[in-house]
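File shown here: input.cif, holding mmCIF, C-alpha atoms.
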data_coords
loop_
_atom_site.label_atom_id
_atom_site.label_comp_id
_atom_site.auth_asym_id
_atom_site.auth_seq_id
_atom_site.Cartn_x
_atom_site.Cartn_y
_atom_site.Cartn_z
CA MET D 1 141.07 117.23 106.47
CA SER D 2 141.79 120.04 108.80
CA LYS D 3 142.59 119.33 112.40
CA SER D 4 139.30 120.83 113.60
CA SER D 5 137.13 118.68 111.31
CA THR D 6 139.02 115.56 112.36
CA SER D 7 138.56 116.29 116.03
CA SER D 8 134.86 117.09 115.61
CA GLN D 9 134.24 113.58 114.24
CA GLY D 10 136.18 111.88 117.03
CA SER D 11 135.90 108.25 117.97
CA LEU D 12 133.04 106.51 119.71
CA THR D 13 135.03 106.37 122.92
CA CYS D 14 135.84 110.07 122.83
CA GLY D 15 132.20 110.96 122.15
CA LEU D 16 130.93 108.84 125.02
CA ASP D 17 133.74 110.08 127.23
CA ARG D 18 132.82 113.70 126.48
CA ALA D 19 129.12 112.95 127.05
CA ALA D 20 129.99 111.41 130.42
CA LYS D 21 132.18 114.35 131.45
CA GLU D 22 129.59 116.90 130.35
CA ASN D 23 126.66 114.89 131.76
CA LYS D 24 124.87 114.90 128.39
CA PRO D 25 121.82 112.67 127.96
CA THR D 26 122.96 109.77 125.79
CA THR D 27 121.08 107.10 123.88
CA ILE D 28 122.84 104.04 122.49
CA VAL D 29 120.81 102.09 119.92
CA VAL D 30 122.08 98.59 119.20
CA PHE D 31 120.74 97.32 115.88
CA GLY D 32 120.79 93.52 115.73
CA ALA D 33 120.30 93.30 119.48
CA SER D 34 118.99 89.74 119.36
CA GLY D 35 122.04 88.36 117.54
CA ASP D 36 125.18 86.60 118.71
CA LEU D 37 127.49 89.61 118.27
CA ALA D 38 125.32 91.75 120.53
CA LYS D 39 124.89 88.93 123.06
CA LYS D 40 128.54 87.86 123.21
CA LYS D 41 130.39 91.13 122.65
CA THR D 42 128.34 94.35 122.51
CA PHE D 43 126.27 94.09 125.68
CA PRO D 44 129.10 92.61 127.79
CA ALA D 45 131.35 95.47 126.63
CA LEU D 46 128.72 98.06 127.52
CA PHE D 47 128.23 96.39 130.90
CA HIS D 48 132.00 96.47 131.46
CA LEU D 49 132.02 100.22 130.75
CA TYR D 50 128.97 100.68 133.00
CA GLN D 51 130.64 98.87 135.91
CA ARG D 52 133.67 101.13 135.62
CA LYS D 53 131.50 104.24 135.45
CA LEU D 54 132.84 105.10 131.99
CA LEU D 55 129.41 105.64 130.44
CA PRO D 56 127.34 108.81 130.84
CA SER D 57 125.19 108.79 133.97
CA ARG D 58 122.19 109.97 131.92
CA LEU D 59 122.01 106.95 129.62
CA SER D 60 119.45 104.90 127.75
CA ILE D 61 120.34 101.73 125.81
CA ILE D 62 117.82 100.53 123.26
CA GLY D 63 118.09 97.19 121.52
CA TYR D 64 116.44 96.87 118.10
CA ALA D 65 115.96 93.65 116.13
CA ARG D 66 113.38 91.65 114.20
CA THR D 67 112.97 89.03 116.94
CA HIS D 68 109.89 89.49 119.12
CA MET D 69 110.90 89.40 122.80
CA SER D 70 109.39 90.50 126.06
CA PRO D 71 111.47 92.85 128.21
CA GLU D 72 112.29 89.89 130.46
CA GLU D 73 113.46 87.77 127.53
CA PHE D 74 115.59 90.64 126.25
CA HIS D 75 117.18 91.18 129.67
CA LYS D 76 117.89 87.46 129.98
CA ARG D 77 119.57 87.50 126.56
CA VAL D 78 121.61 90.61 127.43
CA THR D 79 122.96 89.04 130.62
CA SER D 80 123.36 85.47 129.34
CA THR D 81 127.11 85.86 128.78
CA PHE D 82 127.89 88.02 131.80
CA ALA D 83 130.22 86.41 134.32
CA SER D 84 128.32 84.29 136.83
CA ASP D 85 129.92 86.25 139.67
CA ALA D 86 128.93 89.67 138.25
CA ASP D 87 127.75 92.04 140.95
CA LYS D 88 123.97 91.60 141.12
CA SER D 89 123.23 95.25 141.88
CA SER D 90 125.41 96.35 138.93
CA VAL D 91 123.54 93.96 136.63
CA GLU D 92 120.18 95.27 137.90
CA GLY D 93 121.31 98.89 137.44
CA PHE D 94 122.51 98.16 133.92
CA LEU D 95 119.27 96.41 132.96
CA LYS D 96 117.26 99.43 134.11
CA LEU D 97 118.97 101.33 131.28
CA CYS D 98 118.08 98.72 128.64
CA THR D 99 114.87 98.57 126.63
CA TYR D 100 113.97 96.68 123.47
CA VAL D 101 112.04 97.48 120.32
CA SER D 102 111.17 94.78 117.82
CA GLY D 103 110.89 95.78 114.20
CA LYS D 104 111.87 95.08 110.65
CA TYR D 105 114.66 96.92 108.88
CA ASP D 106 112.54 97.82 105.85
CA VAL D 107 109.32 99.06 107.49
CA ALA D 108 109.01 102.79 108.15
CA GLU D 109 106.43 102.33 110.91
CA ASP D 110 108.84 100.13 112.85
CA PHE D 111 111.50 102.84 112.71
CA GLN D 112 108.89 105.35 113.87
CA ALA D 113 108.28 103.11 116.89
CA LEU D 114 112.03 103.13 117.53
CA ARG D 115 112.12 106.92 117.24
CA THR D 116 109.25 107.16 119.72
CA GLU D 117 111.19 104.96 122.17
CA ILE D 118 114.32 107.08 121.71
CA GLU D 119 112.38 110.30 122.36
CA LYS D 120 110.63 108.75 125.37
CA GLY D 121 114.01 107.83 126.82
CA GLU D 122 115.44 111.27 126.14
CA HIS D 123 112.44 112.86 127.82
CA ALA D 124 113.06 110.68 130.89
CA LEU D 125 116.71 111.81 130.82
CA GLU D 126 115.50 115.43 130.83
CA CYS D 127 116.94 116.23 127.42
CA SER D 128 116.17 119.83 126.50
CA GLY D 129 117.04 119.79 122.79
CA SER D 130 119.04 118.26 119.97
CA SER D 131 122.25 120.05 120.98
CA ASP D 132 121.86 118.69 124.50
CA ARG D 133 121.94 115.02 123.54
CA VAL D 134 124.19 112.33 122.16
CA ARG D 135 122.91 109.44 120.05
CA VAL D 136 125.09 106.47 119.17
CA TYR D 137 123.91 103.90 116.61
CA TYR D 138 125.74 100.59 116.73
CA LEU D 139 125.18 98.11 113.89
CA ALA D 140 125.65 94.54 115.08
CA LEU D 141 124.23 93.24 111.82
CA PRO D 142 125.38 90.71 109.22
CA PRO D 143 126.23 92.20 105.81
CA SER D 144 123.25 90.55 104.08
#
As structure tokens, the full file:
Amino acid sequence: MSKSSTSSQGSLTCGLDRAAKENKPTTIVVFGASGDLAKKKTFPALFHLYQRKLLPSRLSIIGYARTHMSPEEFHKRVTSTFASDADKSSVEGFLKLCTYVSGKYDVAEDFQALRTEIEKGEHALECSGSSDRVRVYYLALPPS
């Protein structure tokens, strides 16, 4: 690989870092959002980055999983492993970024609902086109 193609792929951290520096609208989709990995590791790590202002300011986080949950249930699950002394206003700010879509992994209509949610979030972030946005897809799924 040439140096330019390697740098264009970059790592997740570099991509999010660049999006933050350039104030690009960013959507993070967490597949498997109702599972233990997301609950114990993924969402706490995202919250940690949020608290330290290392995520883009124009951000939407969408959880996707088969489990049916209300927004309140999803938020409770997201925060269930946060430290009990976590700053309440930081938690509230983080949760404002988080939405949830329930769907199966083998049903096209469910993925269309996810796409609609992504586009709705990007519209709210004032995204003007595909070159003006960053999308990160995180798979917190078992191999089965």
Shortest interatomic distance to Ala20 of chain D - which of D:Arg52, D:Lys39, D:Arg133, D:Arg58, counting all atoms listed in the file: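 Checking each of D:Arg52, D:Lys39, D:Arg133, D:Arg58 against Ala20 of chain D, counting all atoms listed in the file, the winner is D:Arg58.
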Once the PyMOL selection byres ((chain D and resi 66) around 10) has been evaluated on this model, what residues remain selected, and can you format them as a list of chain:residue names?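 For this structure, the PyMOL selection byres ((chain D and resi 66) around 10) captures D:Phe31, D:Gly32, D:Ala33, D:Ser34, D:Gly35, D:Tyr64, D:Ala65, D:Thr67, D:His68, D:Met69, D:Val101, D:Ser102, D:Gly103, D:Lys104, D:Tyr105, D:Asp110.
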Kindly indicate which residue among D:Leu37, D:Ala19, D:Ile62, D:Ser84 lies nearest to Arg115 of chain D, using all atoms listed in the file for the distances.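 Of all the options, D:Ile62 lies closest to Arg115 of chain D.
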With distances taken over all atoms listed in the file, which of D:Leu46, D:Leu141, D:Val107, D:Leu97 is nearest to Ala124 of chain D? D:Leu97
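When atom CA of Tyr137 of chain D is paired with atom CA of Lys76 of chain D, their separation reads 22.0 Å.
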Pull out every residue that the PyMOL selection byres ((chain D and resi 56) around 12) matches in the shown coordinates and put them as a ChimeraX atom specification. /D:13-28,46,49-55,57-61,97,125,133-135
Separation of atom CA of Ala113 of chain D and atom CA of Cys98 of chain D, in Å?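 Atom CA of Cys98 of chain D lies 15.9 Å from atom CA of Ala113 of chain D.
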If you count only C-alpha atoms, the residue of D:Leu114, D:Ala108, D:Val30, D:Val78 closest to Phe94 of chain D turns out to be D:Val78
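Here atom CA of His48 of chain D and atom CA of Thr99 of chain D stand 17.9 Å from one another.
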